[in-house]
Every structure is written in structure tokens, then in C-alpha cells.
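Participant: Below you'll find target31.cif; it's mmCIF, C-alpha atoms and all ligand atoms.
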```cif
data_target
loop_
_atom_site.label_atom_id
_atom_site.label_comp_id
_atom_site.auth_asym_id
_atom_site.auth_seq_id
_atom_site.Cartn_x
_atom_site.Cartn_y
_atom_site.Cartn_z
CA MET A 6 29.25 -9.03 -11.83
CA SER A 7 30.59 -7.76 -15.12
CA GLY A 8 34.32 -8.12 -15.77
CA LYS A 9 34.99 -4.42 -16.11
CA ARG A 10 34.21 -3.92 -12.43
CA CYS A 11 37.30 -5.97 -11.42
CA CYS A 12 39.86 -3.83 -9.65
CA LYS A 13 43.48 -3.86 -10.74
CA PRO A 14 45.50 -3.81 -7.54
CA THR A 15 47.92 -1.18 -8.91
CA VAL A 16 45.22 1.33 -9.61
CA LYS A 17 44.42 3.44 -6.62
CA ARG A 18 40.78 3.99 -6.23
CA ALA A 19 38.86 6.33 -4.05
CA LEU A 20 35.27 6.26 -3.19
CA VAL A 21 33.82 9.35 -4.68
CA CYS A 22 30.25 10.03 -3.88
CA VAL A 23 28.31 11.31 -6.74
CA ILE A 24 24.73 12.20 -6.23
CA LEU A 25 23.09 10.56 -9.15
CA LEU A 26 19.63 11.87 -8.80
CA ALA A 27 18.25 11.46 -12.25
CA MET A 28 16.95 15.00 -12.33
CA PRO A 29 17.67 17.98 -10.12
CA ALA A 30 15.26 18.44 -7.24
CA ARG A 31 13.16 21.46 -6.33
CA SER A 32 15.40 23.78 -8.31
CA ALA A 33 14.45 21.81 -11.44
CA PRO A 34 13.80 23.81 -14.60
CA PRO A 35 10.28 23.96 -15.94
CA PRO A 36 9.28 20.83 -17.91
CA HIS A 37 9.89 22.44 -21.28
CA ALA A 38 13.44 23.51 -20.52
CA PRO A 39 16.19 21.41 -22.14
CA ARG A 40 17.61 18.59 -20.01
CA GLN A 41 20.66 19.51 -18.05
CA ALA A 42 23.54 17.84 -19.80
CA GLN A 43 25.80 18.12 -16.74
CA SER A 44 23.49 16.00 -14.59
CA PRO A 45 24.80 12.41 -14.81
CA ARG A 46 22.20 9.82 -15.65
CA LEU A 47 21.65 7.18 -13.05
CA SER A 48 21.80 4.42 -15.65
CA ASP A 49 25.30 5.54 -16.67
CA ASN A 50 26.58 4.30 -13.33
CA ALA A 51 28.26 0.94 -13.95
CA ARG A 52 26.83 -0.69 -10.82
CA VAL A 53 23.33 0.54 -11.51
CA ARG A 54 23.76 -0.78 -15.03
CA ALA A 55 24.87 -4.15 -13.63
CA ALA A 56 21.83 -4.22 -11.31
CA LEU A 57 19.54 -3.53 -14.27
CA ASP A 58 21.34 -6.21 -16.29
CA TRP A 59 20.84 -8.74 -13.48
CA LEU A 60 17.08 -8.62 -13.96
CA THR A 61 16.70 -9.97 -17.51
CA PRO A 62 18.39 -13.38 -17.07
CA ASN A 63 16.73 -13.84 -13.68
CA ILE A 64 13.08 -13.32 -14.57
CA SER A 65 12.23 -16.98 -14.12
CA TRP A 66 13.72 -16.83 -10.61
CA VAL A 67 11.48 -13.83 -9.87
CA ASN A 68 8.43 -15.70 -11.21
CA ASP A 69 9.29 -18.73 -9.06
CA GLN A 70 9.61 -16.61 -5.92
CA GLN A 71 6.26 -14.99 -6.68
CA ALA A 72 4.56 -18.39 -6.91
CA ARG A 73 6.31 -19.63 -3.78
CA ILE A 74 5.38 -16.56 -1.71
CA THR A 75 1.78 -16.58 -2.97
CA GLU A 76 1.39 -20.19 -1.82
CA ILE A 77 2.18 -19.20 1.77
CA PRO A 78 -1.15 -17.99 3.17
CA ALA A 79 -1.08 -14.46 4.60
CA PRO A 80 -4.59 -13.55 5.78
CA PRO A 81 -5.04 -10.27 7.65
CA PHE A 82 -3.22 -10.44 11.02
CA GLN A 83 -1.63 -13.78 10.06
CA GLU A 84 1.34 -12.76 7.94
CA ALA A 85 4.08 -14.34 10.13
CA GLN A 86 4.81 -17.39 7.99
CA ARG A 87 5.11 -15.36 4.82
CA ALA A 88 7.20 -12.77 6.66
CA ALA A 89 9.64 -15.48 7.76
CA ALA A 90 10.06 -16.70 4.16
CA VAL A 91 10.66 -13.16 2.88
CA LYS A 92 13.19 -12.54 5.65
CA GLU A 93 15.10 -15.64 4.58
CA LEU A 94 15.11 -14.52 0.94
CA LEU A 95 16.33 -11.02 1.85
CA ALA A 96 19.07 -12.57 3.99
CA GLU A 97 20.01 -14.89 1.09
CA ALA A 98 20.33 -11.78 -1.08
CA GLY A 99 22.98 -10.61 1.38
CA LEU A 100 21.02 -8.02 3.35
CA ALA A 101 20.86 -7.75 7.12
CA ALA A 102 17.25 -8.82 7.63
CA GLN A 103 15.01 -8.70 10.69
CA ILE A 104 11.35 -8.77 11.67
CA ASP A 105 10.14 -5.84 13.76
CA LYS A 106 7.65 -5.89 16.66
CA THR A 107 4.73 -5.24 14.33
CA GLY A 108 5.66 -8.17 12.07
CA ASN A 109 7.24 -6.22 9.19
CA VAL A 110 10.30 -7.75 7.49
CA ILE A 111 13.12 -5.27 6.96
CA GLY A 112 16.23 -5.87 4.87
CA GLU A 113 18.85 -3.14 5.03
CA LEU A 114 21.12 -1.99 2.23
CA ARG A 115 23.33 0.40 4.11
CA GLY A 116 24.04 3.69 2.44
CA VAL A 117 26.93 6.13 2.73
CA ASN A 118 24.60 8.24 4.86
CA GLU A 119 22.93 6.07 7.46
CA LYS A 120 20.95 8.98 8.83
CA GLU A 121 18.77 9.24 5.75
CA ILE A 122 16.49 6.43 4.74
CA VAL A 123 14.54 5.45 1.65
CA VAL A 124 11.98 2.69 2.06
CA VAL A 125 10.83 0.43 -0.76
CA SER A 126 7.94 -1.70 0.44
CA ALA A 127 5.45 -4.35 -0.60
CA HIS A 128 2.60 -5.45 1.63
CA LEU A 129 2.65 -9.10 2.66
CA ASP A 130 -1.00 -9.56 3.59
CA THR A 131 -3.91 -10.67 1.42
CA VAL A 132 -7.66 -10.30 1.85
CA PHE A 133 -8.21 -14.06 1.81
CA PRO A 134 -9.20 -16.10 4.88
CA PRO A 135 -6.90 -18.91 6.08
CA ASP A 136 -8.75 -21.79 4.41
CA THR A 137 -8.50 -20.30 0.90
CA ASP A 138 -6.86 -22.52 -1.73
CA VAL A 139 -3.78 -20.49 -2.69
CA LYS A 140 -2.19 -23.05 -5.00
CA VAL A 141 -0.69 -21.28 -8.00
CA HIS A 142 -1.65 -22.58 -11.43
CA ARG A 143 0.94 -21.75 -14.08
CA ASP A 144 0.40 -21.61 -17.78
CA GLY A 145 3.46 -20.20 -19.51
CA SER A 146 4.00 -16.71 -18.16
CA ARG A 147 0.50 -16.58 -16.68
CA MET A 148 -0.15 -17.51 -13.06
CA THR A 149 -3.52 -17.80 -11.37
CA ALA A 150 -4.11 -17.81 -7.60
CA PRO A 151 -5.71 -15.59 -4.98
CA GLY A 152 -3.17 -12.88 -4.12
CA ILE A 153 -0.85 -13.66 -7.05
CA SER A 154 -0.90 -10.05 -8.24
CA ASP A 155 -1.98 -8.21 -5.06
CA ASN A 156 0.55 -8.50 -3.71
CA GLY A 157 2.56 -11.50 -4.90
CA SER A 158 3.89 -9.37 -7.73
CA GLY A 159 4.93 -6.56 -5.36
CA VAL A 160 6.71 -8.91 -2.96
CA ALA A 161 8.48 -10.68 -5.84
CA ALA A 162 9.61 -7.30 -7.17
CA LEU A 163 10.90 -6.31 -3.73
CA LEU A 164 13.02 -9.47 -3.63
CA ALA A 165 14.23 -8.93 -7.20
CA LEU A 166 15.29 -5.34 -6.47
CA ALA A 167 17.16 -6.38 -3.33
CA ARG A 168 18.93 -9.16 -5.17
CA ALA A 169 19.78 -7.03 -8.21
CA ALA A 170 21.18 -4.17 -6.11
CA GLN A 171 23.14 -6.49 -3.86
CA SER A 172 24.63 -8.68 -6.59
CA ALA A 173 25.75 -5.58 -8.49
CA ARG A 174 27.21 -4.20 -5.22
CA VAL A 175 25.30 -0.96 -5.57
CA LYS A 176 26.21 1.41 -2.74
CA PRO A 177 23.38 3.87 -2.20
CA LEU A 178 23.98 7.28 -0.67
CA ARG A 179 20.93 7.06 1.54
CA THR A 180 20.27 3.76 3.29
CA VAL A 181 17.62 1.72 1.48
CA LEU A 182 15.29 -0.47 3.51
CA PHE A 183 13.51 -3.29 1.67
CA VAL A 184 10.31 -3.78 3.63
CA GLY A 185 7.63 -6.48 3.47
CA ASP A 186 4.94 -4.88 5.59
CA VAL A 187 1.86 -6.24 7.32
CA GLY A 188 -1.68 -4.94 7.64
CA GLU A 189 -2.29 -3.09 4.37
CA GLU A 190 -5.61 -4.69 3.54
CA GLY A 191 -8.95 -3.91 5.17
CA GLU A 192 -8.96 -3.76 8.92
CA GLY A 193 -5.18 -4.11 9.05
CA ASN A 194 -5.57 -0.32 8.80
CA LEU A 195 -2.03 0.20 7.48
CA ARG A 196 -0.53 -0.80 10.82
CA GLY A 197 2.68 -2.11 9.24
CA MET A 198 3.42 1.10 7.38
CA ARG A 199 2.37 3.19 10.40
CA ALA A 200 5.02 1.36 12.45
CA ILE A 201 7.70 1.86 9.78
CA VAL A 202 6.98 5.58 9.54
CA ASP A 203 6.92 5.87 13.35
CA ASN A 204 10.17 3.98 13.85
CA TYR A 205 12.16 5.85 11.20
CA ARG A 206 10.52 9.25 11.56
CA GLY A 207 13.03 12.05 11.11
CA LYS A 208 15.31 9.87 8.97
CA LEU A 209 12.73 8.76 6.43
CA LYS A 210 13.07 10.76 3.22
CA ALA A 211 10.99 8.79 0.72
CA VAL A 212 8.80 5.71 0.41
CA VAL A 213 8.23 3.71 -2.78
CA VAL A 214 5.33 1.29 -2.41
CA LEU A 215 5.10 -1.69 -4.79
CA ASP A 216 1.50 -2.80 -4.97
CA GLY A 217 0.00 -4.98 -7.69
CA SER A 218 1.04 -5.19 -11.33
CA GLY A 219 1.53 -2.81 -14.24
CA THR A 220 3.55 0.26 -15.13
CA ASP A 221 0.68 2.47 -16.23
CA HIS A 222 0.17 4.57 -13.12
CA VAL A 223 1.80 6.34 -10.24
CA THR A 224 -0.25 7.03 -7.15
CA THR A 225 0.82 10.38 -5.73
CA LYS A 226 -2.47 11.33 -4.12
CA ALA A 227 -3.64 9.49 -1.04
CA LEU A 228 -7.35 8.94 -0.89
CA ALA A 229 -8.53 9.47 2.66
CA SER A 230 -11.06 7.02 4.02
CA ARG A 231 -12.77 6.04 7.25
CA ARG A 232 -14.56 2.88 8.23
CA LEU A 233 -17.29 3.12 10.81
CA GLU A 234 -19.56 0.77 12.62
CA ALA A 235 -22.94 1.80 14.01
CA LEU A 236 -24.44 -0.34 16.76
CA ILE A 237 -27.95 0.00 18.16
CA THR A 238 -29.05 -2.13 21.12
CA GLY A 239 -32.31 -2.61 23.00
CA PRO A 240 -34.01 -5.05 25.36
CA GLY A 241 -35.38 -7.37 22.63
CA GLY A 242 -38.49 -9.48 23.04
CA HIS A 243 -41.27 -11.45 21.39
CA SER A 244 -42.72 -10.38 18.05
CA TRP A 245 -46.33 -10.80 19.27
CA SER A 246 -46.36 -10.17 22.98
CA ASP A 247 -43.79 -7.34 22.92
CA PHE A 248 -45.10 -5.67 19.79
CA GLY A 249 -44.56 -1.95 20.02
CA MET A 250 -41.30 -2.01 21.98
CA PRO A 251 -38.46 -0.04 20.35
CA ASN A 252 -36.75 -2.18 17.74
CA PRO A 253 -33.00 -1.72 16.97
CA ILE A 254 -33.39 -2.89 13.36
CA ASN A 255 -36.21 -0.41 12.78
CA ALA A 256 -34.03 2.33 14.24
CA LEU A 257 -31.05 1.28 12.09
CA VAL A 258 -33.21 1.27 8.96
CA ARG A 259 -34.65 4.69 9.81
CA GLY A 260 -31.15 6.04 10.41
CA SER A 261 -29.75 4.38 7.26
CA VAL A 262 -32.43 5.89 5.05
CA ARG A 263 -31.55 9.32 6.39
CA PHE A 264 -27.84 8.65 5.86
CA ILE A 265 -28.11 7.46 2.25
CA ASN A 266 -30.01 10.66 1.45
CA THR A 267 -27.03 12.72 2.62
CA ARG A 268 -25.77 14.87 -0.23
CA VAL A 269 -22.14 14.45 -1.18
CA PRO A 270 -20.24 16.69 -3.59
CA ALA A 271 -19.00 15.45 -6.98
CA THR A 272 -15.96 17.68 -6.42
CA PRO A 273 -14.10 16.96 -4.20
CA ARG A 274 -15.24 13.44 -4.99
CA THR A 275 -16.80 11.94 -1.90
CA THR A 276 -18.39 8.50 -1.58
CA PHE A 277 -20.06 6.29 1.00
CA ASN A 278 -20.99 2.64 1.07
CA ILE A 279 -23.03 0.64 3.53
CA GLY A 280 -21.12 -2.59 3.12
CA GLN A 281 -22.45 -4.80 5.88
CA ILE A 282 -25.64 -4.87 7.88
CA GLU A 283 -26.60 -7.43 10.46
CA GLY A 284 -28.74 -7.99 13.51
CA GLY A 285 -31.51 -10.03 15.05
CA THR A 286 -31.72 -13.68 15.94
CA SER A 287 -35.01 -14.91 14.46
CA VAL A 288 -37.95 -13.70 12.45
CA ASN A 289 -40.31 -13.81 15.43
CA SER A 290 -38.08 -11.93 17.89
CA VAL A 291 -37.72 -8.21 18.44
CA PRO A 292 -33.94 -8.01 17.99
CA HIS A 293 -31.70 -6.87 20.83
CA GLU A 294 -29.13 -5.42 18.47
CA ALA A 295 -28.46 -4.25 14.93
CA ARG A 296 -25.25 -3.01 13.35
CA LEU A 297 -23.93 -1.71 10.08
CA LYS A 298 -20.51 -0.99 8.61
CA VAL A 299 -19.90 2.01 6.41
CA ASP A 300 -16.91 2.96 4.28
CA ILE A 301 -16.56 6.66 3.49
CA ARG A 302 -13.97 8.18 1.17
CA SER A 303 -13.17 11.65 0.01
CA GLU A 304 -10.60 13.76 -1.73
CA SER A 305 -11.16 16.21 1.11
CA GLU A 306 -10.59 15.59 4.82
CA ASP A 307 -13.28 18.19 5.56
CA GLU A 308 -15.90 16.27 3.59
CA LEU A 309 -14.84 13.09 5.36
CA ALA A 310 -15.34 14.70 8.74
CA ARG A 311 -18.69 16.09 7.60
CA LEU A 312 -19.86 12.68 6.41
CA GLU A 313 -18.74 11.00 9.62
CA SER A 314 -20.79 13.43 11.70
CA ALA A 315 -23.71 12.99 9.29
CA LEU A 316 -23.64 9.26 10.04
CA ARG A 317 -23.69 9.92 13.79
CA GLU A 318 -26.55 12.40 13.45
CA CYS A 319 -28.55 10.04 11.23
CA ILE A 320 -28.16 7.09 13.59
CA ALA A 321 -29.12 9.30 16.55
CA ALA A 322 -32.14 10.54 14.60
CA GLY A 323 -33.09 6.98 13.62
CA VAL A 324 -33.07 5.97 17.29
CA ARG A 325 -35.08 9.07 18.22
CA ASP A 326 -37.68 8.39 15.51
CA GLU A 327 -38.02 4.80 16.62
CA MET A 328 -38.39 5.75 20.27
CA GLU A 329 -40.99 8.38 19.41
CA SER A 330 -43.07 6.00 17.35
CA ALA A 331 -42.75 3.05 19.73
CA ARG A 332 -46.15 2.16 21.13
CA ASP A 333 -44.76 0.88 24.37
CA ARG A 334 -41.76 2.80 25.64
CA SER A 335 -42.07 1.27 29.07
CA LYS A 336 -40.35 -1.84 27.74
CA GLY A 337 -36.95 -0.20 27.59
CA LYS A 338 -35.03 2.18 25.45
CA LEU A 339 -32.47 1.95 22.69
CA GLU A 340 -28.77 2.74 23.04
CA TRP A 341 -26.52 3.57 20.13
CA LYS A 342 -22.89 4.22 19.31
CA VAL A 343 -20.82 4.80 16.20
CA GLU A 344 -17.22 3.61 16.32
CA LEU A 345 -14.29 4.26 14.06
CA LEU A 346 -12.94 0.91 12.81
CA GLY A 347 -10.19 2.42 10.74
CA SER A 348 -8.95 5.62 9.25
CA ARG A 349 -6.63 6.19 6.34
CA PRO A 350 -5.27 9.70 6.24
CA GLY A 351 -5.05 11.68 3.00
CA GLY A 352 -2.18 13.64 1.49
CA GLU A 353 -0.54 14.58 -1.76
CA LEU A 354 2.95 14.47 -3.21
CA ALA A 355 4.17 17.83 -4.50
CA ALA A 356 4.32 17.98 -8.30
CA ASP A 357 7.96 19.13 -8.11
CA SER A 358 9.12 16.47 -5.64
CA PRO A 359 12.47 14.70 -6.26
CA LEU A 360 10.71 11.34 -5.88
CA LEU A 361 8.29 12.08 -8.70
CA ALA A 362 11.22 13.37 -10.79
CA ALA A 363 13.03 10.06 -10.18
CA LEU A 364 9.93 8.12 -11.27
CA ARG A 365 9.55 10.23 -14.39
CA ALA A 366 13.22 9.69 -15.26
CA ALA A 367 12.73 5.93 -14.78
CA ASP A 368 9.65 6.06 -17.02
CA GLU A 369 11.71 7.81 -19.65
CA PHE A 370 14.45 5.19 -19.38
CA ILE A 371 12.05 2.31 -20.06
CA GLY A 372 10.02 4.31 -22.61
CA ASN A 373 6.91 4.36 -20.45
CA GLN A 374 4.18 6.88 -19.86
CA SER A 375 2.24 6.74 -16.64
CA ARG A 376 -0.72 8.65 -15.29
CA ILE A 377 -1.08 10.19 -11.86
CA GLU A 378 -3.65 8.44 -9.67
CA ARG A 379 -5.42 8.98 -6.41
CA SER A 380 -5.84 5.83 -4.39
CA SER A 381 -5.78 4.36 -0.92
CA THR A 382 -2.48 2.55 -0.32
CA ASP A 383 0.37 2.22 2.16
CA ALA A 384 1.62 5.54 0.75
CA ASN A 385 -1.24 7.29 2.58
CA VAL A 386 0.69 7.14 5.84
CA PRO A 387 3.89 8.92 4.79
CA LEU A 388 2.02 11.31 2.48
CA SER A 389 -0.25 12.40 5.33
CA LEU A 390 2.87 13.37 7.30
CA GLY A 391 4.52 15.27 4.47
CA ILE A 392 7.02 12.48 3.69
CA GLU A 393 7.49 11.88 -0.04
CA ALA A 394 5.79 8.67 -1.15
CA ILE A 395 4.34 6.99 -4.21
CA SER A 396 2.70 3.68 -4.95
CA ILE A 397 3.43 1.96 -8.26
CA GLY A 398 2.77 -1.39 -9.91
CA ALA A 399 5.52 -3.99 -10.06
CA GLY A 400 5.32 -4.60 -13.84
CA GLY A 401 3.64 -7.31 -15.89
CA ASN A 402 -0.13 -7.46 -16.00
CA GLY A 403 -2.74 -8.65 -13.59
CA GLY A 404 -6.42 -8.68 -12.83
CA GLY A 405 -9.18 -9.99 -10.62
CA ALA A 406 -7.63 -8.55 -7.46
CA HIS A 407 -9.34 -9.71 -4.26
CA SER A 408 -11.10 -12.54 -6.16
CA LEU A 409 -10.39 -16.25 -6.34
CA GLN A 410 -9.73 -15.86 -10.10
CA GLU A 411 -6.90 -13.40 -9.57
CA TRP A 412 -4.22 -13.70 -12.25
CA TYR A 413 -0.82 -12.31 -13.18
CA ASP A 414 1.03 -12.38 -16.48
CA ALA A 415 4.78 -11.89 -16.16
CA THR A 416 5.28 -10.89 -19.82
CA GLY A 417 7.33 -7.70 -19.89
CA ARG A 418 7.78 -7.57 -16.12
CA GLU A 419 11.41 -6.47 -16.50
CA ALA A 420 10.26 -3.00 -17.51
CA GLY A 421 8.36 -2.64 -14.24
CA LEU A 422 11.29 -3.95 -12.21
CA LYS A 423 13.70 -1.55 -13.93
CA ARG A 424 11.29 1.31 -13.37
CA ALA A 425 11.03 0.50 -9.67
CA LEU A 426 14.79 0.01 -9.24
CA LEU A 427 15.68 3.26 -11.00
CA THR A 428 13.07 5.14 -8.98
CA VAL A 429 14.40 3.85 -5.67
CA LEU A 430 18.05 4.45 -6.60
CA GLY A 431 17.13 7.78 -8.15
CA VAL A 432 15.84 9.00 -4.82
CA SER A 433 18.48 7.29 -2.67
CA GLY A 434 21.34 8.43 -4.88
CA VAL A 435 24.24 6.09 -5.62
CA ALA A 436 27.90 6.19 -4.71
CA GLU A 437 30.34 5.52 -7.49
CA GLU A 438 33.88 4.30 -7.49
CA LYS A 439 36.07 6.37 -9.71
CA PRO A 440 39.79 6.09 -10.51
CA ARG A 441 41.84 8.81 -8.81
ZN ZN B 1 -2.39 -4.44 -2.52
#
```
If you took the structure in this file and wrote it as C-alpha cells, what would it be?
Ligand SMILES: [Zn+2]

Facilitator:
Amino acid sequence: MSGKRCCKPTVKRALVCVILLAMPARSAPPPHAPRQAQSPRLSDNARVRAALDWLTPNISWVNDQQARITEIPAPPFQEAQRAAAVKELLAEAGLAAQIDKTGNVIGELRGVNEKEIVVVSAHLDTVFPPDTDVKVHRDGSRMTAPGISDNGSGVAALLALARAAQSARVKPLRTVLFVGDVGEEGEGNLRGMRAIVDNYRGKLKAVVVLDGSGTDHVTTKALASRRLEALITGPGGHSWSDFGMPNPINALVRGSVRFINTRVPATPRTTFNIGQIEGGTSVNSVPHEARLKVDIRSESEDELARLESALRECIAAGVRDEMESARDRSKGKLEWKVELLGSRPGGELAADSPLLAALRAADEFIGNQSRIERSSTDANVPLSLGIEAISIGAGGNGGGAHSLQEWYDATGREAGLKRALLTVLGVSGVAEEKPR
């Protein structure tokens, strides 16, 4: 707390709400028009200033929390222990903190308007299985450990923002929820963010996702993806005596060859990947099952749907081909199915959205330039429902995400923290005390 915030008892004060959105919203002038001098800058607000000032002397605290959180394992579907630690830290920061039914931690900074909500979130989960060595090795500002950047840096930033806002007694106009969410990675299928969006639907005005390091990008376009599993089953038998019976692996291979010859457009960019294939029990057995997992992604939902039906058709054709060429169909037939393992919806933030304007104003404040990106993140969920959302890095630098050599360098992380804080407060708005 800076001294100038102390109230003299003789001075009457009134709470005057000033919407401090860094730039006007949809009525904003074109980019080349001069800045509106009458629009107060967010960073001119004394409490916002105090929150920004809190960050610099507390960077080593932020680094320590990042190491501490990273050392609590959080494999997919096993985030509870990490969630409990984050809840405690949010409560220590002075927020009302709770864990919801899905396992998300939520710390509330109540706004003047409780009916409108801004969420700032960082996913708790990692891709690493429970027995992974998550000990953090520190060398100056550099830390190495699985999950240190993705998303140790995001969770640490979430805690820093909560602490900075609370210790500066920032009163937002819209209620800000600090959320550590579960299930972002892989087959978690964004279940944490889906629950948040479901529970606060109607009130939720914007979502700022902190994921990984850096300040170089802003994800405003949600890359849609689907994950599918194809399974082919048959009676199975002996390689010699049952030769000629329909073979699920043969059928899967026939179907896969058809599928990988499927044409996909360069624009809208559309991709597919057969990531896992398995089946059979021994080299001298006709297998009784074969399966493969496919990840498909596209800038267009239509292409995604087209590719999903192509996979179904190809697997069906592979089974048909195998049945037709089987020498002995009397020994049973093949069954097949293709199941959706997960689906991430697409969406896009409007170029003139207030949230993007707040981010751009924050970039300007820290002297940063960032590029627009399309990616698959927690922001997919709100964006697909028309709720404003972005995903940004939490500052500093990192690399080797999803590998055991993952690293994070905290040098310059304040810039990322300031950028995130100003973006969140820019879109929540801030109340200001003014002398009467
Ligand atoms: Zn991540």
C-alpha cells in the first residue's frame, strides 16, 4: 500500500465508479484515428498503479510459487492435490476461494457489479503421468522441470495477479474470478473450462486464459479439433489353421491407407494425424481386434465434419475390402465402430472486441507487440459460444513444453504479468475512490 492511499478522516469520500476501459469498445475509432484524450488510462488509477508496483519487488515470491506448484504432480484427471494448494494460496491472498464439483479452484474478487463476470484462468493439469520426476532444478532465473512452463508459469501468474490486485485493494466493476481449471490437456477435453462456462453462462463477459510463457502472441482464434478412435473386431484365430479368415489389422490397414489419401485443403488449413495404432496379441495369431487414434484439426468446422465422415467411410471400406478378399468368410465377420474421444469447438474473437482492445492497450503500456494466433486452448470453449476470450503467455520465456526437458526463464516476467493484469482489469473495469 502506498502512503498516498491513506484516507484523512476529515475528507469525505464517495465511491465513484469510473469505467476505466483502456479504450472505448465497439464504438472505437478506426486504428489510425488519434487516441481519445478524454478516455482515462487504466494505469492512471492509483490502485491499479499500486497493483502493478506490487509485482516488481515480489518476483522472487512468484518464482518460488511456480516451483512449488510445479512440484505437486497434476496428471490428467489427478489435479486435486495441486488444486488444494492453489486454493490455499488464493485464500492467503485474501480471496474467497472454493473448489467446484469439477475440481476447478475459484477465487473471487467481488466487483461493484456482481452480475457480470470476467474470468482469468490457468490450467492446473500437465501431460505427465503420476510417476514423472517433477523436481524443479533452478539455476539463477532459469528453472527446469516437466510442466514448469506449461502451465507452472500460468498458475504462478494467476496467483501473482490475485495477490497484486488484492494487496492494492483494487475494486473491479465486474467481478473477477481467478480460476485454476482442470482438464485442459489431451483427453481432459477442456472439461474444467466447459464447467466454468456452463456455471456462469449469462454472466460471463470475458475470459483471459494464461497458458505457458511469453508475451509475443495473443490467441484470438480457436482451432477446432476432434479426436477419434476406430475399433475393428473379429473372431481371431491361428495364423496357420485359420488362414484366410477376416483379419482386423488387415482391415484397419486397408482403411488407414484410404484415409491418409484423403485430400485436405491448404486453406482453410486442415490436418490429420494417426497418432496411435495397436492390436493383436502375438505374431502367430489372427488378431481379434485392432484400433487407431486420429487427431483432426481445421480452421473450418465444415472441413472437420467432412474429415470425420471420411474416416468413418474409410474404415467401413477397409472392413468391406477385407471381408471381400477373405478366403474363408465362414469363420466370422468383422465389426467396426468409430468413436469420438474428444472435440474442441472452434470460434473467433471479433477484431473490434473490447477484450482485444484491452490487450492492445496493455501491450502499448509495456511497449510490446504481439501477433494474433490460432491455437487450441481453454479459450476454445467460450469463443465457440460467442463469449469474448483470449489466451496469452504469462511472461518470461520457456521451451520444451510436454517434454521432460521443459524449462522456464523468469527474466523479464514482470512485463507479462503487467500485460495480463492490465488486460483483465481493462475488461473488468475498475472503481475509483475520488474526493467529493
Ligand atoms: Zn498449457

Participant: Just the residues within 10 Å of A:Arg418, please, counting all atoms listed in the file, with nothing from its chain fewer than 3 positions along; format it as a PyMOL selection string.

Facilitator: chain A and resi 60-61+64+67-68+158+162+218-220+399-402+414-415+421-424

Participant: How would you write as a list in words the residues that get within 9 Å of (-20.9, 2.5, 17.8) in the file's frame, counting only C-alpha atoms?

Facilitator: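 Residues with an atom close enough to that point: Leu233, Glu234, Ala235, Leu236, Ile237, Arg296, Arg317, Trp341, Lys342, Val343, Glu344 and Leu345 of chain A.
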
Participant: Which residues of chain A come within 10 Å of ligand ZN 1 (chain B), and what is each one's closest atom pair and distance in Å (one decimal), counting only C-alpha atoms and all ligand atoms, sorted by chain and residue number, as a Markdown table?

Facilitator:
```
| residue | atom | partner | partner_atom | distance |
| --- | --- | --- | --- | --- |
| A:Ala127 | CA | B:ZN1 | ZN | 8.1 |
| A:His128 | CA | B:ZN1 | ZN | 6.6 |
| A:Leu129 | CA | B:ZN1 | ZN | 8.6 |
| A:Asp130 | CA | B:ZN1 | ZN | 8.1 |
| A:Thr131 | CA | B:ZN1 | ZN | 7.5 |
| A:Val132 | CA | B:ZN1 | ZN | 9.0 |
| A:Gly152 | CA | B:ZN1 | ZN | 8.6 |
| A:Ser154 | CA | B:ZN1 | ZN | 8.1 |
| A:Asp155 | CA | B:ZN1 | ZN | 4.6 |
| A:Asn156 | CA | B:ZN1 | ZN | 5.2 |
| A:Gly157 | CA | B:ZN1 | ZN | 8.9 |
| A:Ser158 | CA | B:ZN1 | ZN | 9.5 |
| A:Gly159 | CA | B:ZN1 | ZN | 8.1 |
| A:Glu189 | CA | B:ZN1 | ZN | 7.0 |
| A:Glu190 | CA | B:ZN1 | ZN | 6.9 |
| A:Val214 | CA | B:ZN1 | ZN | 9.6 |
| A:Leu215 | CA | B:ZN1 | ZN | 8.3 |
| A:Asp216 | CA | B:ZN1 | ZN | 4.9 |
| A:Gly217 | CA | B:ZN1 | ZN | 5.7 |
| A:Ser218 | CA | B:ZN1 | ZN | 9.5 |
| A:Ser381 | CA | B:ZN1 | ZN | 9.6 |
| A:Thr382 | CA | B:ZN1 | ZN | 7.3 |
| A:Asp383 | CA | B:ZN1 | ZN | 8.6 |
| A:Ser396 | CA | B:ZN1 | ZN | 9.9 |
| A:Gly398 | CA | B:ZN1 | ZN | 9.5 |
| A:Ala406 | CA | B:ZN1 | ZN | 8.3 |
| A:His407 | CA | B:ZN1 | ZN | 8.9 |
```

Participant: Which of these residues is nearest to A:Ile282, using all atoms listed in the file: A:Leu163, A:Ala150, A:Leu257, A:Val386?

Facilitator: A:Leu257

Participant: Which residue out of A:Leu166, A:Val435, A:Val117, A:Val125 has the minimum interatomic distance to A:Phe183 when all atoms listed in the file are used?

Facilitator: A:Val125

Participant: Would you mind listing what lies within 8 Å of stretch 347-357 of chain A as a list in words, with only C-alpha atoms counted and same-chain residues fewer than 5 positions away left out?

Facilitator: Ala30, Arg31, Ala33, Glu192, Asn194, Leu195, Thr225, Lys226, Ala227, Leu228, Ala229, Ser230, Arg231, Arg232, Leu233, Glu304, Ser305, Glu306, Ala362, Ser381, Asn385, Val386, Leu388, Ser389, Leu390, Gly391, Glu393, Ala394 and Ile395 of chain A

Participant: Give as a PyMOL selection string each residue that has an atom at most 10 Å from (12.7, -18.5, 1.7) in the file, counting only C-alpha atoms.

Facilitator: chain A and resi 70+73-74+87-97

Participant: Might you pull out every residue within 10 Å of A:Phe370, with all atoms listed in the file counted and same-chain residues fewer than 4 positions away left off, and present them as number ranges by chain?

Facilitator: A: 46-48, 364-366, 420, 423-424, 427

Participant: Can you spit out the residues from that selection as a compact mmCIF listing (two decimals), in the frame of the given file, using C-alpha atoms?

Facilitator:
```txt
# COMPACT_ATOMS: atom_id res chain seq x y z
CA ARG A 46 22.20 9.82 -15.65
CA LEU A 47 21.65 7.18 -13.05
CA SER A 48 21.80 4.42 -15.65
CA LEU A 364 9.93 8.12 -11.27
CA ARG A 365 9.55 10.23 -14.39
CA ALA A 366 13.22 9.69 -15.26
CA ALA A 420 10.26 -3.00 -17.51
CA LYS A 423 13.70 -1.55 -13.93
CA ARG A 424 11.29 1.31 -13.37
CA LEU A 427 15.68 3.26 -11.00
```

Participant: For a quick check of understanding, using all atoms listed in the file, which of A:Met250, A:Ala101, A:Leu178, A:Ala51 has the smallest distance to A:Gly116?

Facilitator: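 When distances to A:Gly116 are compared using all atoms listed in the file, the smallest one comes from A:Leu178.
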
Participant: With a distance cut-off of 9 Å and all atoms listed in the file, select the neighbouring residues of A:Asn118, excluding the residue or stretch itself and same-chain residues fewer than 4 positions from it, and output the selection as a list of chain:residue names.

Facilitator: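 Contacts, with the query itself left out: A:Ile122, A:Pro177, A:Leu178, A:Arg179, A:Thr180.
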
Participant: Could you tell me how far atom CA of A:Asp69 lies from atom CA of A:Gln103, in Å and to one decimal?

Facilitator: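 Between atom CA of A:Asp69 and atom CA of A:Gln103 the gap works out to 22.9 Å.
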
Participant: With only C-alpha atoms as the basis for distance, which of A:Val123, A:Met148, A:Asp186, A:Gly405 is at the shortest distance from A:Glu84?

Facilitator: A:Asp186
